[in-house]
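Source file: final17.pdb (PDB, C-alpha atoms)
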```pdb
MODEL        1
ATOM      1  CA  MET A   1      32.449 -96.613  69.728
ATOM      2  CA  GLU A   2      35.198 -95.475  72.038
ATOM      3  CA  PHE A   3      36.953 -98.050  74.164
ATOM      4  CA  LEU A   4      36.212 -96.320  77.472
ATOM      5  CA  SER A   5      32.449 -96.309  76.917
ATOM      6  CA  TYR A   6      32.646 -99.914  75.706
ATOM      7  CA  LEU A   7      34.629-100.940  78.784
ATOM      8  CA  LEU A   8      32.320 -99.152  81.220
ATOM      9  CA  THR A   9      29.255-100.688  79.587
ATOM     10  CA  ALA A  10      30.873-104.130  79.870
ATOM     11  CA  VAL A  11      31.665-103.559  83.545
ATOM     12  CA  ILE A  12      28.125-102.411  84.309
ATOM     13  CA  ALA A  13      26.628-105.363  82.422
ATOM     14  CA  TYR A  14      28.888-107.724  84.348
ATOM     15  CA  LEU A  15      28.094-106.117  87.704
ATOM     16  CA  GLY A  16      24.681-107.732  87.563
ATOM     17  CA  VAL A  17      26.510-110.666  89.151
ATOM     18  CA  MET A  18      27.151-108.486  92.195
ATOM     19  CA  GLY A  19      23.485-107.492  92.200
ATOM     20  CA  GLY A  20      22.498-111.156  92.182
ATOM     21  CA  TYR A  21      24.911-111.809  95.040
ATOM     22  CA  ALA A  22      23.428-108.928  97.027
ATOM     23  CA  LEU A  23      19.905-110.075  96.235
ATOM     24  CA  ALA A  24      20.690-113.545  97.568
ATOM     25  CA  LEU A  25      22.114-112.071 100.776
ATOM     26  CA  ILE A  26      19.238-109.645 101.317
ATOM     27  CA  SER A  27      16.422-112.157 100.924
ATOM     28  CA  PRO A  28      17.649-115.700 101.601
ATOM     29  CA  GLU A  29      14.140-116.870 102.443
ATOM     30  CA  GLU A  30      13.011-116.146  98.885
ATOM     31  CA  LEU A  31      15.743-118.165  97.191
ATOM     32  CA  LYS A  32      14.194-121.607  97.393
ATOM     33  CA  PRO A  33      10.747-120.657  95.987
ATOM     34  CA  GLY A  34      12.342-118.310  93.430
ATOM     35  CA  LYS A  35      14.883-120.772  92.052
ATOM     36  CA  LYS A  36      12.721-121.858  89.116
ATOM     37  CA  TYR A  37      12.100-118.221  88.179
ATOM     38  CA  PHE A  38      15.789-117.356  88.269
ATOM     39  CA  GLU A  39      16.589-120.373  86.110
ATOM     40  CA  ALA A  40      13.875-119.368  83.636
ATOM     41  CA  LEU A  41      15.130-115.763  83.596
ATOM     42  CA  HIS A  42      18.647-117.055  83.051
ATOM     43  CA  MET A  43      17.569-119.113  80.043
ATOM     44  CA  ILE A  44      15.282-116.446  78.556
ATOM     45  CA  CYS A  45      17.916-113.704  78.652
ATOM     46  CA  PHE A  46      20.480-115.918  76.946
ATOM     47  CA  ILE A  47      18.018-116.898  74.235
ATOM     48  CA  LEU A  48      16.979-113.254  73.704
ATOM     49  CA  VAL A  49      20.591-112.192  73.149
ATOM     50  CA  MET A  50      20.962-114.918  70.540
ATOM     51  CA  LEU A  51      17.703-113.881  68.871
ATOM     52  CA  LEU A  52      18.976-110.305  68.697
ATOM     53  CA  LEU A  53      21.977-111.570  66.786
ATOM     54  CA  MET A  54      19.639-113.292  64.362
ATOM     55  CA  TYR A  55      18.154-109.851  63.703
ATOM     56  CA  PHE A  56      21.049-109.417  61.313
ATOM     57  CA  ARG A  57      20.710-110.965  57.874
ATOM     58  CA  SER A  58      23.831-113.053  58.170
ATOM     59  CA  PRO A  59      23.041-116.788  57.951
ATOM     60  CA  THR A  60      26.426-117.711  59.423
ATOM     61  CA  TRP A  61      25.854-115.768  62.635
ATOM     62  CA  GLY A  62      22.274-117.025  62.746
ATOM     63  CA  ALA A  63      23.476-120.619  62.598
ATOM     64  CA  ILE A  64      26.103-119.943  65.265
ATOM     65  CA  SER A  65      23.529-118.378  67.569
ATOM     66  CA  LEU A  66      21.122-121.287  67.067
ATOM     67  CA  MET A  67      23.882-123.743  67.927
ATOM     68  CA  ALA A  68      24.752-121.711  71.030
ATOM     69  CA  VAL A  69      21.124-121.764  72.179
ATOM     70  CA  GLY A  70      20.919-125.496  71.522
ATOM     71  CA  VAL A  71      24.076-126.228  73.518
ATOM     72  CA  PHE A  72      22.930-123.996  76.372
ATOM     73  CA  ILE A  73      19.532-125.678  76.540
ATOM     74  CA  LYS A  74      21.046-129.173  76.260
ATOM     75  CA  VAL A  75      23.698-128.648  78.923
ATOM     76  CA  GLY A  76      21.258-126.502  80.855
ATOM     77  CA  ARG A  77      21.833-125.863  84.482
ATOM     78  CA  GLY A  78      25.398-127.070  84.835
ATOM     79  CA  ARG A  79      28.162-124.854  86.100
ATOM     80  CA  ALA A  80      30.138-125.314  82.902
ATOM     81  CA  ALA A  81      27.166-124.136  80.836
ATOM     82  CA  GLN A  82      27.085-120.857  82.719
ATOM     83  CA  LYS A  83      30.794-120.252  82.161
ATOM     84  CA  ILE A  84      30.502-121.072  78.471
ATOM     85  CA  ALA A  85      27.441-118.841  78.240
ATOM     86  CA  TYR A  86      29.464-115.912  79.584
ATOM     87  CA  GLY A  87      32.084-116.470  76.899
ATOM     88  CA  ILE A  88      29.380-116.516  74.222
ATOM     89  CA  LEU A  89      27.747-113.416  75.705
ATOM     90  CA  GLY A  90      31.101-111.637  75.670
ATOM     91  CA  ALA A  91      31.424-112.379  71.969
ATOM     92  CA  MET A  92      27.862-111.211  71.289
ATOM     93  CA  PHE A  93      28.569-108.057  73.306
ATOM     94  CA  ALA A  94      31.504-107.262  71.020
ATOM     95  CA  VAL A  95      29.531-108.054  67.875
ATOM     96  CA  MET A  96      26.603-105.857  68.912
ATOM     97  CA  ALA A  97      28.884-102.888  69.592
ATOM     98  CA  GLN A  98      28.528-101.891  65.928
ATOM     99  CA  VAL A  99      24.800-101.107  66.231
ATOM    100  CA  PRO A 100      24.144 -98.687  69.124
ATOM    101  CA  ILE A 101      20.529 -99.589  69.886
ATOM    102  CA  LEU A 102      21.201-103.339  69.800
ATOM    103  CA  PHE A 103      24.310-102.784  71.910
ATOM    104  CA  LYS A 104      22.245-101.114  74.627
ATOM    105  CA  ILE A 105      19.633-103.856  74.560
ATOM    106  CA  THR A 106      22.309-106.552  74.657
ATOM    107  CA  ALA A 107      24.072-104.906  77.594
ATOM    108  CA  SER A 108      20.765-104.718  79.480
ATOM    109  CA  LEU A 109      19.998-108.377  78.808
ATOM    110  CA  ILE A 110      23.489-109.385  79.934
ATOM    111  CA  PHE A 111      22.953-107.400  83.145
ATOM    112  CA  ILE A 112      19.700-109.268  83.829
ATOM    113  CA  PHE A 113      21.372-112.580  82.904
ATOM    114  CA  SER A 114      24.155-111.754  85.364
ATOM    115  CA  LEU A 115      21.650-110.873  88.063
ATOM    116  CA  ALA A 116      20.042-114.304  87.800
ATOM    117  CA  SER A 117      23.442-115.950  87.443
ATOM    118  CA  GLY A 118      24.805-114.401  90.639
ATOM    119  CA  THR A 119      21.752-115.464  92.604
ATOM    120  CA  LEU A 120      21.884-119.021  91.275
ATOM    121  CA  CYS A 121      25.578-119.256  92.060
ATOM    122  CA  VAL A 122      24.995-118.236  95.681
ATOM    123  CA  MET A 123      22.243-120.840  95.891
ATOM    124  CA  ARG A 124      24.581-123.561  94.605
ATOM    125  CA  HIS A 125      27.347-122.663  97.074
ATOM    126  CA  LYS A 126      25.346-121.741 100.156
ATOM    127  CA  GLU A 127      27.573-123.827 102.433
ATOM    128  CA  LYS A 128      30.650-121.709 101.619
ATOM    129  CA  SER A 129      31.567-118.415 103.259
ATOM    130  CA  ARG A 130      30.293-115.141 101.797
ATOM    131  CA  VAL A 131      33.775-113.965 100.843
ATOM    132  CA  TRP A 132      34.467-117.240  99.022
ATOM    133  CA  GLN A 133      31.114-116.952  97.210
ATOM    134  CA  LEU A 134      31.890-113.405  96.108
ATOM    135  CA  PHE A 135      35.323-114.224  94.709
ATOM    136  CA  TYR A 136      34.049-117.417  93.106
ATOM    137  CA  ILE A 137      31.208-115.594  91.374
ATOM    138  CA  LEU A 138      33.473-112.843  90.065
ATOM    139  CA  GLY A 139      36.253-115.196  88.997
ATOM    140  CA  SER A 140      34.273-118.019  87.482
ATOM    141  CA  ASN A 141      32.288-115.727  85.203
ATOM    142  CA  ALA A 142      35.256-113.656  84.036
ATOM    143  CA  LEU A 143      35.209-115.357  80.634
ATOM    144  CA  PHE A 144      32.879-112.528  79.645
ATOM    145  CA  PHE A 145      35.768-110.059  79.793
ATOM    146  CA  LEU A 146      38.245-112.501  78.299
ATOM    147  CA  THR A 147      36.151-112.593  75.135
ATOM    148  CA  ALA A 148      34.540-109.129  75.050
ATOM    149  CA  LEU A 149      37.690-107.043  75.465
ATOM    150  CA  PRO A 150      39.955-108.690  72.858
ATOM    151  CA  LEU A 151      37.125-108.873  70.334
ATOM    152  CA  TYR A 152      36.605-105.124  70.621
ATOM    153  CA  PHE A 153      39.959-104.554  68.971
ATOM    154  CA  LEU A 154      39.121-106.868  66.058
ATOM    155  CA  ASP A 155      36.413-104.398  64.974
ATOM    156  CA  LEU A 156      33.890-107.033  63.969
ATOM    157  CA  LYS A 157      31.521-105.883  61.249
ATOM    158  CA  ILE A 158      28.690-108.297  60.527
ATOM    159  CA  VAL A 159      25.834-105.976  59.681
ATOM    160  CA  GLY A 160      24.509-107.070  56.310
TER     161      GLY A 160
ENDMDL
END
```
Just give me the structure as structure tokens.
Amino acid sequence: MEFLSYLLTAVIAYLGVMGGYALALISPEELKPGKKYFEALHMICFILVMLLLMYFRSPTWGAISLMAVGVFIKVGRGRAAQKIAYGILGAMFAVMAQVPILFKITASLIFIFSLASGTLCVMRHKEKSRVWQLFYILGSNALFFLTALPLYFLDLKIVG
């Protein structure tokens, strides 16, 4: 896969955070009743990405993905868990780049994860200004790029 298409796919997957931010601004009255659904969507998308990785026949990556799911579920709703989850998703994004159909599915799931993540972040910081929220959301979840871009150049091959 060429780097430009990889980079653009990563940017689009990450821009779900902006969609979540916009969603929170458009319908603030729906945030409180929808919080449990966004948290569930957040958890489900992360778990689905890890299950996609287990699609491969590599027991090492399967064990790593199970540990990642366990840590995410245990730590749960904390702010640190979301940041760590973005780092893990960045790594999974790079790993899935070798299989085109799984790469597309993974990018879509990361977009949906980011959508829920952006909305939840606005809900947590509703007392702050909108500009602060925007920069906080974009900056605090940037671990996705800090893992996905360098790992692209390692050319990870795990398909068994």
Report as a PyMOL selection string the residues that result from applying the PyMOL selection byres ((chain A and resi 92) around 12) to the structure here. chain A and resi 10+46-54+61-62+64-65+68+85-91+93-99+102-103+105-107+109-110+144-145+147-149+151-152+156-158
Kindly give the distance, in Å, that separates atom CA of Val131 of chain A and atom CA of Tyr21 of chain A, rounded to a single decimal.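 Interatomic distance, atom CA of Val131 of chain A to atom CA of Tyr21 of chain A: 10.8 Å.
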Work out how far atom CA of Phe153 of chain A is from atom CA of Leu7 of chain A, in Å to one decimal. 11.7 Å
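Residue nearest Arg124 of chain A, chosen from A:Ile26, A:Leu31, A:Leu138, A:Cys45 and counting only C-alpha atoms: A:Leu31.
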Taking (32.3, -112.7, 98.7) as a centre in this file's frame and 12 Å as the limit, can you find every polymer residue with an atom that close, using all atoms listed in the file, and give them as a PyMOL selection string? chain A and resi 17-18+20-22+24-25+118+121-122+125-126+128-139
Starting from the incomplete input, reconstruct N, CA and C atoms of segment 14-47 of chain A and write that as a PDB file, in the frame of the given file.
```pdb
ATOM      1  N   TYR A  14      28.359-106.626  83.548  1.00  0.00           N
ATOM      2  CA  TYR A  14      28.888-107.724  84.348  1.00  0.00           C
ATOM      3  C   TYR A  14      28.556-107.569  85.829  1.00  0.00           C
ATOM      4  N   LEU A  15      28.376-106.347  86.293  1.00  0.00           N
ATOM      5  CA  LEU A  15      28.094-106.117  87.704  1.00  0.00           C
ATOM      6  C   LEU A  15      26.712-106.603  88.124  1.00  0.00           C
ATOM      7  N   GLY A  16      25.927-107.075  87.199  1.00  0.00           N
ATOM      8  CA  GLY A  16      24.681-107.732  87.563  1.00  0.00           C
ATOM      9  C   GLY A  16      24.948-108.939  88.448  1.00  0.00           C
ATOM     10  N   VAL A  17      26.124-109.542  88.303  1.00  0.00           N
ATOM     11  CA  VAL A  17      26.510-110.666  89.151  1.00  0.00           C
ATOM     12  C   VAL A  17      26.563-110.214  90.612  1.00  0.00           C
ATOM     13  N   MET A  18      27.103-109.032  90.831  1.00  0.00           N
ATOM     14  CA  MET A  18      27.151-108.486  92.195  1.00  0.00           C
ATOM     15  C   MET A  18      25.744-108.190  92.700  1.00  0.00           C
ATOM     16  N   GLY A  19      24.870-107.727  91.821  1.00  0.00           N
ATOM     17  CA  GLY A  19      23.485-107.492  92.200  1.00  0.00           C
ATOM     18  C   GLY A  19      22.789-108.788  92.586  1.00  0.00           C
ATOM     19  N   GLY A  20      23.057-109.849  91.851  1.00  0.00           N
ATOM     20  CA  GLY A  20      22.498-111.156  92.182  1.00  0.00           C
ATOM     21  C   GLY A  20      23.030-111.675  93.511  1.00  0.00           C
ATOM     22  N   TYR A  21      24.306-111.431  93.758  1.00  0.00           N
ATOM     23  CA  TYR A  21      24.911-111.809  95.040  1.00  0.00           C
ATOM     24  C   TYR A  21      24.244-111.044  96.177  1.00  0.00           C
ATOM     25  N   ALA A  22      24.070-109.746  95.998  1.00  0.00           N
ATOM     26  CA  ALA A  22      23.428-108.928  97.027  1.00  0.00           C
ATOM     27  C   ALA A  22      21.972-109.341  97.227  1.00  0.00           C
ATOM     28  N   LEU A  23      21.295-109.638  96.146  1.00  0.00           N
ATOM     29  CA  LEU A  23      19.905-110.075  96.235  1.00  0.00           C
ATOM     30  C   LEU A  23      19.783-111.366  97.042  1.00  0.00           C
ATOM     31  N   ALA A  24      20.707-112.281  96.823  1.00  0.00           N
ATOM     32  CA  ALA A  24      20.690-113.545  97.568  1.00  0.00           C
ATOM     33  C   ALA A  24      20.977-113.323  99.051  1.00  0.00           C
ATOM     34  N   LEU A  25      21.816-112.346  99.375  1.00  0.00           N
ATOM     35  CA  LEU A  25      22.114-112.071 100.776  1.00  0.00           C
ATOM     36  C   LEU A  25      20.988-111.311 101.466  1.00  0.00           C
ATOM     37  N   ILE A  26      20.303-110.455 100.728  1.00  0.00           N
ATOM     38  CA  ILE A  26      19.238-109.645 101.317  1.00  0.00           C
ATOM     39  C   ILE A  26      18.011-110.489 101.637  1.00  0.00           C
ATOM     40  N   SER A  27      17.654-111.380 100.729  1.00  0.00           N
ATOM     41  CA  SER A  27      16.422-112.157 100.924  1.00  0.00           C
ATOM     42  C   SER A  27      16.674-113.657 100.773  1.00  0.00           C
ATOM     43  N   PRO A  28      17.368-114.263 101.727  1.00  0.00           N
ATOM     44  CA  PRO A  28      17.649-115.700 101.601  1.00  0.00           C
ATOM     45  C   PRO A  28      16.401-116.576 101.695  1.00  0.00           C
ATOM     46  N   GLU A  29      15.366-116.072 102.327  1.00  0.00           N
ATOM     47  CA  GLU A  29      14.140-116.870 102.443  1.00  0.00           C
ATOM     48  C   GLU A  29      13.399-116.990 101.121  1.00  0.00           C
ATOM     49  N   GLU A  30      13.682-116.120 100.184  1.00  0.00           N
ATOM     50  CA  GLU A  30      13.011-116.146  98.885  1.00  0.00           C
ATOM     51  C   GLU A  30      13.761-116.963  97.836  1.00  0.00           C
ATOM     52  N   LEU A  31      14.926-117.462  98.187  1.00  0.00           N
ATOM     53  CA  LEU A  31      15.743-118.165  97.191  1.00  0.00           C
ATOM     54  C   LEU A  31      15.144-119.501  96.774  1.00  0.00           C
ATOM     55  N   LYS A  32      14.712-120.278  97.731  1.00  0.00           N
ATOM     56  CA  LYS A  32      14.194-121.607  97.393  1.00  0.00           C
ATOM     57  C   LYS A  32      12.943-121.530  96.518  1.00  0.00           C
ATOM     58  N   PRO A  33      11.925-120.719  96.881  1.00  0.00           N
ATOM     59  CA  PRO A  33      10.747-120.657  95.987  1.00  0.00           C
ATOM     60  C   PRO A  33      11.035-119.925  94.668  1.00  0.00           C
ATOM     61  N   GLY A  34      12.052-119.069  94.641  1.00  0.00           N
ATOM     62  CA  GLY A  34      12.342-118.310  93.430  1.00  0.00           C
ATOM     63  C   GLY A  34      13.331-118.955  92.490  1.00  0.00           C
ATOM     64  N   LYS A  35      13.847-120.133  92.864  1.00  0.00           N
ATOM     65  CA  LYS A  35      14.883-120.772  92.052  1.00  0.00           C
ATOM     66  C   LYS A  35      14.412-121.039  90.628  1.00  0.00           C
ATOM     67  N   LYS A  36      13.206-121.543  90.464  1.00  0.00           N
ATOM     68  CA  LYS A  36      12.721-121.858  89.116  1.00  0.00           C
ATOM     69  C   LYS A  36      12.565-120.587  88.274  1.00  0.00           C
ATOM     70  N   TYR A  37      12.238-119.474  88.917  1.00  0.00           N
ATOM     71  CA  TYR A  37      12.100-118.221  88.179  1.00  0.00           C
ATOM     72  C   TYR A  37      13.461-117.660  87.761  1.00  0.00           C
ATOM     73  N   PHE A  38      14.445-117.800  88.634  1.00  0.00           N
ATOM     74  CA  PHE A  38      15.789-117.356  88.269  1.00  0.00           C
ATOM     75  C   PHE A  38      16.364-118.212  87.148  1.00  0.00           C
ATOM     76  N   GLU A  39      16.110-119.506  87.189  1.00  0.00           N
ATOM     77  CA  GLU A  39      16.589-120.373  86.110  1.00  0.00           C
ATOM     78  C   GLU A  39      15.901-120.036  84.790  1.00  0.00           C
ATOM     79  N   ALA A  40      14.603-119.747  84.857  1.00  0.00           N
ATOM     80  CA  ALA A  40      13.875-119.368  83.636  1.00  0.00           C
ATOM     81  C   ALA A  40      14.383-118.030  83.110  1.00  0.00           C
ATOM     82  N   LEU A  41      14.607-117.075  83.998  1.00  0.00           N
ATOM     83  CA  LEU A  41      15.130-115.763  83.596  1.00  0.00           C
ATOM     84  C   LEU A  41      16.514-115.904  82.981  1.00  0.00           C
ATOM     85  N   HIS A  42      17.304-116.772  83.550  1.00  0.00           N
ATOM     86  CA  HIS A  42      18.647-117.055  83.051  1.00  0.00           C
ATOM     87  C   HIS A  42      18.583-117.554  81.606  1.00  0.00           C
ATOM     88  N   MET A  43      17.715-118.515  81.371  1.00  0.00           N
ATOM     89  CA  MET A  43      17.569-119.113  80.043  1.00  0.00           C
ATOM     90  C   MET A  43      16.982-118.110  79.047  1.00  0.00           C
ATOM     91  N   ILE A  44      15.960-117.386  79.452  1.00  0.00           N
ATOM     92  CA  ILE A  44      15.282-116.446  78.556  1.00  0.00           C
ATOM     93  C   ILE A  44      16.220-115.332  78.114  1.00  0.00           C
ATOM     94  N   CYS A  45      16.993-114.789  79.025  1.00  0.00           N
ATOM     95  CA  CYS A  45      17.916-113.704  78.652  1.00  0.00           C
ATOM     96  C   CYS A  45      18.967-114.183  77.662  1.00  0.00           C
ATOM     97  N   PHE A  46      19.489-115.387  77.882  1.00  0.00           N
ATOM     98  CA  PHE A  46      20.480-115.918  76.946  1.00  0.00           C
ATOM     99  C   PHE A  46      19.869-116.104  75.566  1.00  0.00           C
ATOM    100  N   ILE A  47      18.684-116.661  75.520  1.00  0.00           N
ATOM    101  CA  ILE A  47      18.018-116.898  74.235  1.00  0.00           C
ATOM    102  C   ILE A  47      17.699-115.568  73.547  1.00  0.00           C
TER     103      ILE A  47
END
```
